[in-house]
$ cat my_file19.txt   # compact mmCIF, C-alpha atoms
# COMPACT_ATOMS: atom_id res chain seq x y z
CA MET A 1190 0.00 0.00 0.00
CA GLY A 1191 1.30 3.39 -0.84
CA GLU A 1192 1.16 6.09 1.81
CA SER A 1193 1.13 8.92 -0.69
CA ARG A 1194 -1.94 10.22 -2.50
CA THR A 1195 0.13 11.79 -5.25
CA PRO A 1196 -1.33 10.38 -8.45
CA THR A 1197 0.62 8.98 -11.35
CA SER A 1198 0.45 11.83 -13.78
CA VAL A 1199 -1.52 11.77 -16.97
CA GLU A 1200 -1.66 14.64 -19.41
CA GLY A 1201 -5.20 14.41 -20.70
CA ALA A 1202 -8.37 12.41 -20.99
CA VAL A 1203 -10.92 11.76 -23.69
CA GLU A 1204 -14.43 10.85 -22.61
CA ILE A 1205 -17.57 9.66 -24.36
CA THR A 1206 -20.76 9.78 -22.30
CA GLY A 1207 -23.83 7.98 -23.61
CA GLY A 1208 -27.47 7.68 -22.69
CA GLU A 1209 -29.09 5.02 -20.57
CA GLY A 1210 -28.25 1.53 -21.73
CA SER A 1211 -25.49 2.86 -23.93
CA SER A 1212 -22.54 0.86 -22.65
CA PRO A 1213 -22.41 -1.64 -25.56
CA ASP A 1214 -22.44 1.32 -27.96
CA LEU A 1215 -19.61 2.97 -26.07
CA ALA A 1216 -17.54 -0.19 -26.20
CA ALA A 1217 -18.19 -0.44 -29.93
CA HIS A 1218 -16.82 3.09 -30.33
CA ALA A 1219 -13.58 2.09 -28.63
CA GLU A 1220 -12.02 0.69 -31.81
CA GLN A 1221 -12.62 3.95 -33.72
CA LEU A 1222 -11.45 6.08 -30.85
CA GLY A 1223 -8.31 4.00 -30.36
CA ALA A 1224 -7.35 4.32 -34.01
CA MET A 1225 -7.63 8.10 -33.77
CA ILE A 1226 -5.71 8.69 -30.57
CA ARG A 1227 -3.01 5.99 -30.67
CA PRO A 1228 -0.75 8.03 -33.01
CA LEU A 1229 -0.82 10.91 -30.49
CA ILE A 1230 -0.08 9.10 -27.27
CA ASP A 1231 2.22 6.78 -25.37
CA VAL A 1232 0.05 3.69 -25.75
CA SER A 1233 1.79 1.88 -22.90
CA GLN A 1234 0.68 4.59 -20.43
CA ALA A 1235 -2.95 4.85 -21.52
CA ALA A 1236 -5.85 3.50 -19.48
CA LEU A 1237 -9.42 2.98 -20.70
CA THR A 1238 -12.41 2.56 -18.40
CA VAL A 1239 -16.12 2.08 -19.06
CA GLY A 1240 -18.97 1.98 -16.60
CA PRO A 1241 -22.22 3.46 -15.34
CA THR A 1242 -22.04 7.05 -14.13
CA HIS A 1243 -23.41 8.25 -10.79
CA ARG A 1244 -24.02 11.99 -10.66
CA ILE A 1245 -23.11 13.15 -7.17
CA VAL A 1246 -23.21 16.92 -7.78
CA GLU A 1247 -25.51 18.23 -10.49
CA PRO A 1248 -23.13 19.75 -13.05
CA ARG A 1249 -22.65 23.45 -13.58
CA PRO A 1250 -20.21 24.76 -16.21
CA GLY A 1251 -16.58 24.84 -15.15
CA GLY A 1252 -13.14 25.46 -16.56
CA VAL A 1253 -10.98 22.74 -15.06
CA PHE A 1254 -11.66 19.21 -13.90
CA LEU A 1255 -9.82 16.65 -11.86
CA SER A 1256 -10.00 13.15 -13.32
CA LEU A 1257 -8.84 10.28 -11.14
CA SER A 1258 -8.72 6.51 -11.41
CA PHE A 1259 -7.79 4.11 -8.65
CA ARG A 1260 -8.27 0.55 -7.49
CA ARG A 1261 -10.10 -0.55 -4.40
CA HIS A 1262 -8.21 -1.70 -1.33
CA PRO A 1263 -7.39 -5.40 -1.77
CA ASP A 1264 -9.23 -6.28 1.46
CA THR A 1265 -12.55 -5.10 0.02
CA THR A 1266 -14.85 -6.57 -2.58
CA VAL A 1267 -16.07 -4.69 -5.64
CA GLU A 1268 -19.54 -4.44 -4.09
CA GLN A 1269 -18.20 -3.15 -0.77
CA PHE A 1270 -16.05 -0.56 -2.54
CA ARG A 1271 -18.87 0.72 -4.72
CA HIS A 1272 -21.27 0.96 -1.77
CA TRP A 1273 -18.73 2.91 0.30
CA TRP A 1274 -17.77 5.21 -2.55
CA LEU A 1275 -21.35 6.10 -3.47
CA THR A 1276 -23.09 6.20 -0.11
CA GLN A 1277 -20.36 7.28 2.31
CA HIS A 1278 -17.37 8.87 0.64
CA ALA A 1279 -19.40 11.20 -1.55
CA LYS A 1280 -21.10 12.55 1.57
CA VAL A 1281 -17.73 13.06 3.25
CA ALA A 1282 -15.99 14.67 0.28
CA VAL A 1283 -18.55 17.05 -1.21
CA PRO A 1284 -19.08 19.29 1.85
CA ARG A 1285 -15.30 19.53 2.26
CA LEU A 1286 -14.73 20.79 -1.30
CA PRO A 1287 -16.24 24.30 -1.43
CA GLY A 1288 -16.83 25.61 -4.92
CA LEU A 1289 -17.16 22.14 -6.43
CA LEU A 1290 -19.31 22.53 -9.57
CA ALA A 1291 -19.74 18.92 -10.64
CA TYR A 1292 -18.84 15.46 -9.39
CA ASP A 1293 -19.46 12.22 -11.28
CA GLN A 1294 -18.42 8.72 -10.24
CA VAL A 1295 -17.96 6.03 -12.89
CA HIS A 1296 -18.22 2.57 -11.32
CA VAL A 1297 -15.94 0.70 -13.68
CA ASP A 1298 -17.25 -2.43 -15.39
CA HIS A 1299 -14.15 -4.63 -15.50
CA GLU A 1300 -15.17 -7.03 -18.24
CA LEU A 1301 -16.50 -4.35 -20.56
CA SER A 1302 -13.41 -2.21 -19.93
CA ARG A 1303 -11.15 -5.15 -20.76
CA ARG A 1304 -12.97 -5.81 -24.03
CA ALA A 1305 -13.06 -2.12 -24.97
CA SER A 1306 -9.35 -1.76 -24.20
CA GLU A 1307 -8.56 -4.66 -26.51
CA ALA A 1308 -10.75 -3.16 -29.24
CA ALA A 1309 -9.00 0.20 -28.84
CA GLY A 1310 -5.54 -1.34 -28.95
CA LEU A 1311 -4.78 -0.04 -25.47
CA PRO A 1312 -3.55 -1.88 -22.38
CA TYR A 1313 -6.18 -2.98 -19.90
CA VAL A 1314 -5.60 -1.58 -16.41
CA PRO A 1315 -8.08 -3.03 -13.91
CA TYR A 1316 -9.26 0.14 -12.16
CA ASP A 1317 -12.37 0.16 -10.00
CA SER A 1318 -13.11 3.85 -10.39
CA TYR A 1319 -13.00 6.84 -12.67
CA ASP A 1320 -14.31 10.19 -11.49
CA ASN A 1321 -14.51 13.82 -12.53
CA LEU A 1322 -14.60 16.81 -10.20
CA THR A 1323 -15.08 20.26 -11.73
CA TRP A 1324 -14.15 23.80 -10.63
CA THR A 1325 -14.22 27.17 -12.33
CA SER A 1326 -10.43 27.54 -12.49
CA MET A 1327 -7.08 26.32 -11.19
CA GLU A 1328 -7.30 28.98 -8.47
CA ALA A 1329 -10.73 27.73 -7.41
CA PHE A 1330 -9.40 24.16 -7.26
CA THR A 1331 -6.44 25.23 -5.14
CA GLN A 1332 -8.67 27.18 -2.77
CA SER A 1333 -11.16 24.31 -2.53
CA THR A 1334 -8.48 21.77 -1.57
CA SER A 1335 -6.32 23.93 0.68
CA ASN A 1336 -7.97 23.20 4.03
CA PRO A 1337 -5.62 20.64 5.64
CA THR A 1338 -8.20 19.47 8.19
CA ALA A 1339 -10.82 18.84 5.52
CA MET A 1340 -8.33 17.08 3.24
CA ARG A 1341 -7.15 14.87 6.11
CA GLU A 1342 -10.75 13.88 6.85
CA VAL A 1343 -11.29 12.96 3.21
CA TYR A 1344 -8.07 10.94 3.21
CA GLU A 1345 -8.92 9.17 6.47
CA ASP A 1346 -12.27 8.14 5.03
CA GLU A 1347 -10.43 6.57 2.09
CA LEU A 1348 -8.18 4.39 4.26
CA GLY A 1349 -9.05 0.72 3.91
CA HIS A 1350 -11.18 1.43 0.83
CA ILE A 1351 -8.74 2.79 -1.77
CA ASP A 1352 -5.33 1.45 -2.79
CA HIS A 1353 -3.60 4.84 -2.93
CA SER A 1354 -0.59 3.39 -4.73
CA THR A 1355 -2.78 3.01 -7.82
CA TYR A 1356 -3.90 6.65 -8.07
CA ARG A 1357 -3.70 8.00 -11.60
CA GLY A 1358 -4.99 11.35 -12.67
CA SER A 1359 -4.52 15.02 -13.27
CA LEU A 1360 -6.15 18.43 -13.18
CA MET A 1361 -7.10 19.22 -16.75
CA ASP A 1362 -8.44 22.12 -18.76
CA GLN A 1363 -11.77 21.48 -20.38
CA LEU A 1364 -11.41 21.87 -24.15
CA ASN A 1365 -15.11 22.05 -25.00
CA MET B 725 -25.02 -5.81 -20.66
CA SER B 726 -26.56 -2.39 -20.38
CA TYR B 727 -27.13 -0.04 -17.48
CA ASP B 728 -30.18 1.80 -16.21
CA ARG B 729 -28.14 4.99 -16.13
CA VAL B 730 -25.77 7.05 -18.25
CA ALA B 731 -22.46 5.34 -19.05
CA ARG B 732 -19.05 6.85 -19.72
CA LEU B 733 -15.99 5.62 -21.57
CA ALA B 734 -12.79 7.44 -20.65
CA VAL B 735 -9.21 7.14 -21.82
CA MET B 736 -6.43 8.67 -19.76
CA LEU B 737 -3.57 9.83 -21.97
CA THR B 738 0.06 10.82 -21.93
CA PRO B 739 1.79 12.20 -25.03
CA ARG B 740 3.92 10.03 -27.28
CA GLU B 741 7.67 10.27 -26.77
CA GLY B 742 9.06 13.67 -27.72
CA GLU B 743 5.68 15.38 -27.44
CA THR B 744 4.50 17.74 -24.69
CA ARG B 745 1.21 18.17 -22.85
CA VAL B 746 0.61 21.35 -24.82
CA GLY B 747 1.30 19.49 -28.04
CA LEU B 748 -1.08 16.72 -27.09
CA GLY B 749 -3.73 19.32 -26.25
CA ARG B 750 -3.30 20.97 -29.63
CA SER B 751 -3.60 17.60 -31.38
CA LEU B 752 -6.78 16.82 -29.46
CA ILE B 753 -8.23 20.22 -30.34
CA LEU B 754 -7.54 19.47 -34.00
CA LEU B 755 -9.26 16.11 -33.58
CA ARG B 756 -12.16 17.55 -31.61
CA ASP B 757 -14.50 18.25 -34.49
CA GLN B 758 -13.89 14.82 -35.96
CA LEU B 759 -14.48 13.22 -32.58
CA HIS B 760 -17.69 15.17 -32.12
CA VAL B 761 -18.95 14.11 -35.52
CA LEU B 762 -18.28 10.51 -34.63
CA PHE B 763 -19.38 10.47 -31.04
CA GLY B 764 -21.74 13.40 -30.59
CA PRO B 765 -21.96 16.33 -28.21
CA THR B 766 -21.27 14.22 -25.11
CA MET B 767 -17.68 13.84 -26.26
CA GLN B 768 -15.26 15.63 -23.97
CA VAL B 769 -11.55 16.09 -24.39
$ encode --input "my_file19.txt" --output "structure tokens"
Amino acid sequence: MGESRTPTSVEGAVEITGGEGSSPDLAAHAEQLGAMIRPLIDVSQAALTVGPTHRIVEPRPGGVFLSLSFRRHPDTTVEQFRHWWLTQHAKVAVPRLPGLLAYDQVHVDHELSRRASEAAGLPYVPYDSYDNLTWTSMEAFTQSTSNPTAMREVYEDELGHIDHSTYRGSLMDQLN
Amino acid sequence: MSYDRVARLAVMLTPREGETRVGLGRSLILLRDQLHVLFGPTMQV
């Protein structure tokens, strides 16, 4: 287990969000998407995830978003992790992140993600989560996450649920 | 399998060797219209 929450850096993310029941369509798009982005990226460092999205904070327009993926703690089951993440951690995190404009959790479907990764020509990394948190700006993000007591409480809630050594993510500008 | 809620496919990226984050961003901006045509307005890069 890693003690640090510093994520493995990524430099960008491409997302496709579909309607209800759209996951097979999204997976079918993976081959096209992979062909378009593979020439631009370090394929060995890419990670593709697919899953149902839980809207925690109703979205309002923002300028930057934090995207994170991580695996559950090895002592927990997928069902235990998802239940904690959705019903407990969201309630701990949101009030401690002032200025948060949007928060979505994607509960990763492992089998579909594996098949979509293969179709896209990208390595399969077995994450349990992918989430987006949105702020107006880099300054708003910094201000929102600068309370050490609040951040420690968020971190303490994660202990035993998240394998912090698997964190991958970055704060990104929204391009559209 | 399908879900009773909205689904999302996401790919986390790092640039190819010799390229920068800014360069990757520019490339994605150039691809954006093509991606939107293919995948619709819910595409986000």
$ closest_residue --input "my_file19.txt" --among "A:Val1199, A:Leu1360, A:Ile1351, A:Ala1282" --to "Arg745 (chain B)" --atoms "all atoms listed in the file"
A:Val1199
$ axis_aligned_box --input "my_file19.txt" --around "region 1262-1273 of chain A" --padding-each-side "8 Å" --output "AutoDock Vina command-line options"
--center_x -14.3 --center_y -1.8 --center_z -2.1 --size_x 29.9 --size_y 25.5 --size_z 23.1
$ residues_around --input "my_file19.txt" --residues "Pro1284 (chain A)" --least-positions-apart "2" --cutoff "12 Å" --atoms "all atoms listed in the file" --output "list in words"
Ile1245, Val1246, His1278, Ala1279, Lys1280, Val1281, Ala1282, Leu1286, Pro1287, Gly1288, Leu1289, Leu1290, Tyr1292, Ser1333, Thr1334, Asn1336, Ala1339, Met1340, Glu1342 and Val1343 of chain A
$ atom_distance --input "my_file19.txt" --atom1 "CA of Ile1226 (chain A)" --atom2 "CA of Thr1242 (chain A)"
23.2 Å
$ residues_near_point --input "my_file19.txt" --point "(-13.6, 10.0, -11.6)" --cutoff "12 Å" --atoms "all atoms listed in the file" --output "number ranges by chain"
A: 1202, 1204, 1238-1245, 1254-1260, 1274-1275, 1279, 1291-1297, 1316-1323, 1356-1360; B: 732-736
$ closest_residue --input "my_file19.txt" --among "A:Asp1352, A:Glu1268, A:Glu1247, A:Asp1231" --to "chain B" --atoms "all atoms listed in the file"
A:Asp1231
$ closest_residue --input "my_file19.txt" --among "A:Met1225, A:Ala1305, A:Val1283, A:Val1203" --to "chain B" --atoms "all atoms listed in the file"
A:Val1203
$ atom_distance --input "my_file19.txt" --atom1 "CA of His1272 (chain A)" --atom2 "CA of Ala1236 (chain A)"
23.6 Å
$ closest_residue --input "my_file19.txt" --among "A:Thr1338, A:Ser1302, A:Thr1276, A:Thr1265" --to "chain B" --atoms "all atoms listed in the file"
A:Ser1302
$ closest_residue --input "my_file19.txt" --among "B:Leu759, B:Leu752, B:Val730, B:Val746" --to "chain A" --atoms "all atoms listed in the file"
B:Val730
$ atom_distance --input "my_file19.txt" --atom1 "CA of Pro1312 (chain A)" --atom2 "CA of Glu741 (chain B)"
17.1 Å
$ closest_residue --input "my_file19.txt" --among "A:Glu1347, A:Asp1362, A:Glu1220, A:Glu1307" --to "chain B" --atoms "all atoms listed in the file"
A:Asp1362
$ residues_near_point --input "my_file19.txt" --point "(-6.1, 17.5, -32.7)" --cutoff "12 Å" --atoms "all atoms listed in the file" --output "ChimeraX atom specification"
/A:1203,1225-1226,1228-1230,1364 /B:746-760,769
$ build_atoms --input "my_file19.txt" --residues "region 1242-1271 of chain A" --atoms "N, CA and C atoms" --output "PDB file, in the coordinates of the input"
ATOM      1  N   THR A1242     -22.409   5.794 -14.774  1.00  0.00           N
ATOM      2  CA  THR A1242     -22.040   7.050 -14.130  1.00  0.00           C
ATOM      3  C   THR A1242     -23.062   7.429 -13.058  1.00  0.00           C
ATOM      4  N   HIS A1243     -22.563   7.765 -11.884  1.00  0.00           N
ATOM      5  CA  HIS A1243     -23.410   8.250 -10.790  1.00  0.00           C
ATOM      6  C   HIS A1243     -23.146   9.736 -10.604  1.00  0.00           C
ATOM      7  N   ARG A1244     -24.166  10.531 -10.778  1.00  0.00           N
ATOM      8  CA  ARG A1244     -24.020  11.990 -10.660  1.00  0.00           C
ATOM      9  C   ARG A1244     -24.184  12.370  -9.189  1.00  0.00           C
ATOM     10  N   ILE A1245     -23.090  12.798  -8.589  1.00  0.00           N
ATOM     11  CA  ILE A1245     -23.110  13.150  -7.170  1.00  0.00           C
ATOM     12  C   ILE A1245     -23.478  14.615  -6.978  1.00  0.00           C
ATOM     13  N   VAL A1246     -22.896  15.486  -7.802  1.00  0.00           N
ATOM     14  CA  VAL A1246     -23.210  16.920  -7.780  1.00  0.00           C
ATOM     15  C   VAL A1246     -23.727  17.288  -9.166  1.00  0.00           C
ATOM     16  N   GLU A1247     -24.941  17.824  -9.213  1.00  0.00           N
ATOM     17  CA  GLU A1247     -25.510  18.230 -10.490  1.00  0.00           C
ATOM     18  C   GLU A1247     -24.575  19.217 -11.182  1.00  0.00           C
ATOM     19  N   PRO A1248     -24.200  18.958 -12.435  1.00  0.00           N
ATOM     20  CA  PRO A1248     -23.130  19.750 -13.050  1.00  0.00           C
ATOM     21  C   PRO A1248     -23.537  21.178 -13.392  1.00  0.00           C
ATOM     22  N   ARG A1249     -22.591  22.070 -13.102  1.00  0.00           N
ATOM     23  CA  ARG A1249     -22.650  23.450 -13.580  1.00  0.00           C
ATOM     24  C   ARG A1249     -21.368  23.675 -14.377  1.00  0.00           C
ATOM     25  N   PRO A1250     -21.384  24.577 -15.345  1.00  0.00           N
ATOM     26  CA  PRO A1250     -20.210  24.760 -16.210  1.00  0.00           C
ATOM     27  C   PRO A1250     -18.963  25.140 -15.404  1.00  0.00           C
ATOM     28  N   GLY A1251     -17.844  24.554 -15.804  1.00  0.00           N
ATOM     29  CA  GLY A1251     -16.580  24.840 -15.150  1.00  0.00           C
ATOM     30  C   GLY A1251     -15.464  24.961 -16.155  1.00  0.00           C
ATOM     31  N   GLY A1252     -14.278  25.278 -15.671  1.00  0.00           N
ATOM     32  CA  GLY A1252     -13.140  25.460 -16.560  1.00  0.00           C
ATOM     33  C   GLY A1252     -12.081  24.395 -16.445  1.00  0.00           C
ATOM     34  N   VAL A1253     -11.975  23.797 -15.251  1.00  0.00           N
ATOM     35  CA  VAL A1253     -10.980  22.740 -15.060  1.00  0.00           C
ATOM     36  C   VAL A1253     -11.660  21.562 -14.360  1.00  0.00           C
ATOM     37  N   PHE A1254     -11.124  20.369 -14.615  1.00  0.00           N
ATOM     38  CA  PHE A1254     -11.660  19.210 -13.900  1.00  0.00           C
ATOM     39  C   PHE A1254     -10.545  18.278 -13.507  1.00  0.00           C
ATOM     40  N   LEU A1255     -10.748  17.651 -12.375  1.00  0.00           N
ATOM     41  CA  LEU A1255      -9.820  16.650 -11.860  1.00  0.00           C
ATOM     42  C   LEU A1255     -10.378  15.287 -12.225  1.00  0.00           C
ATOM     43  N   SER A1256      -9.612  14.520 -12.991  1.00  0.00           N
ATOM     44  CA  SER A1256     -10.000  13.150 -13.320  1.00  0.00           C
ATOM     45  C   SER A1256      -9.060  12.205 -12.596  1.00  0.00           C
ATOM     46  N   LEU A1257      -9.626  11.232 -11.924  1.00  0.00           N
ATOM     47  CA  LEU A1257      -8.840  10.280 -11.140  1.00  0.00           C
ATOM     48  C   LEU A1257      -9.338   8.863 -11.389  1.00  0.00           C
ATOM     49  N   SER A1258      -8.397   7.935 -11.443  1.00  0.00           N
ATOM     50  CA  SER A1258      -8.720   6.510 -11.410  1.00  0.00           C
ATOM     51  C   SER A1258      -7.925   5.869 -10.287  1.00  0.00           C
ATOM     52  N   PHE A1259      -8.514   4.856  -9.677  1.00  0.00           N
ATOM     53  CA  PHE A1259      -7.790   4.110  -8.650  1.00  0.00           C
ATOM     54  C   PHE A1259      -8.459   2.755  -8.468  1.00  0.00           C
ATOM     55  N   ARG A1260      -7.735   1.875  -7.800  1.00  0.00           N
ATOM     56  CA  ARG A1260      -8.270   0.550  -7.490  1.00  0.00           C
ATOM     57  C   ARG A1260      -8.724   0.511  -6.041  1.00  0.00           C
ATOM     58  N   ARG A1261      -9.625  -0.383  -5.771  1.00  0.00           N
ATOM     59  CA  ARG A1261     -10.100  -0.550  -4.400  1.00  0.00           C
ATOM     60  C   ARG A1261      -9.006  -1.192  -3.550  1.00  0.00           C
ATOM     61  N   HIS A1262      -9.126  -1.039  -2.246  1.00  0.00           N
ATOM     62  CA  HIS A1262      -8.210  -1.700  -1.330  1.00  0.00           C
ATOM     63  C   HIS A1262      -8.375  -3.221  -1.490  1.00  0.00           C
ATOM     64  N   PRO A1263      -7.274  -3.963  -1.498  1.00  0.00           N
ATOM     65  CA  PRO A1263      -7.390  -5.400  -1.770  1.00  0.00           C
ATOM     66  C   PRO A1263      -8.195  -6.174  -0.727  1.00  0.00           C
ATOM     67  N   ASP A1264      -8.429  -5.584   0.441  1.00  0.00           N
ATOM     68  CA  ASP A1264      -9.230  -6.280   1.460  1.00  0.00           C
ATOM     69  C   ASP A1264     -10.727  -6.070   1.282  1.00  0.00           C
ATOM     70  N   THR A1265     -11.116  -5.336   0.247  1.00  0.00           N
ATOM     71  CA  THR A1265     -12.550  -5.100   0.020  1.00  0.00           C
ATOM     72  C   THR A1265     -12.995  -5.754  -1.272  1.00  0.00           C
ATOM     73  N   THR A1266     -14.286  -6.047  -1.347  1.00  0.00           N
ATOM     74  CA  THR A1266     -14.850  -6.570  -2.580  1.00  0.00           C
ATOM     75  C   THR A1266     -15.291  -5.405  -3.462  1.00  0.00           C
ATOM     76  N   VAL A1267     -15.566  -5.714  -4.717  1.00  0.00           N
ATOM     77  CA  VAL A1267     -16.070  -4.690  -5.640  1.00  0.00           C
ATOM     78  C   VAL A1267     -17.356  -4.086  -5.088  1.00  0.00           C
ATOM     79  N   GLU A1268     -18.251  -4.926  -4.589  1.00  0.00           N
ATOM     80  CA  GLU A1268     -19.540  -4.440  -4.090  1.00  0.00           C
ATOM     81  C   GLU A1268     -19.353  -3.555  -2.862  1.00  0.00           C
ATOM     82  N   GLN A1269     -18.463  -3.963  -1.964  1.00  0.00           N
ATOM     83  CA  GLN A1269     -18.200  -3.150  -0.770  1.00  0.00           C
ATOM     84  C   GLN A1269     -17.617  -1.791  -1.159  1.00  0.00           C
ATOM     85  N   PHE A1270     -16.677  -1.812  -2.104  1.00  0.00           N
ATOM     86  CA  PHE A1270     -16.050  -0.560  -2.540  1.00  0.00           C
ATOM     87  C   PHE A1270     -17.083   0.380  -3.151  1.00  0.00           C
ATOM     88  N   ARG A1271     -17.892  -0.140  -4.053  1.00  0.00           N
ATOM     89  CA  ARG A1271     -18.870   0.720  -4.720  1.00  0.00           C
ATOM     90  C   ARG A1271     -19.863   1.297  -3.723  1.00  0.00           C
TER      91      ARG A1271
END
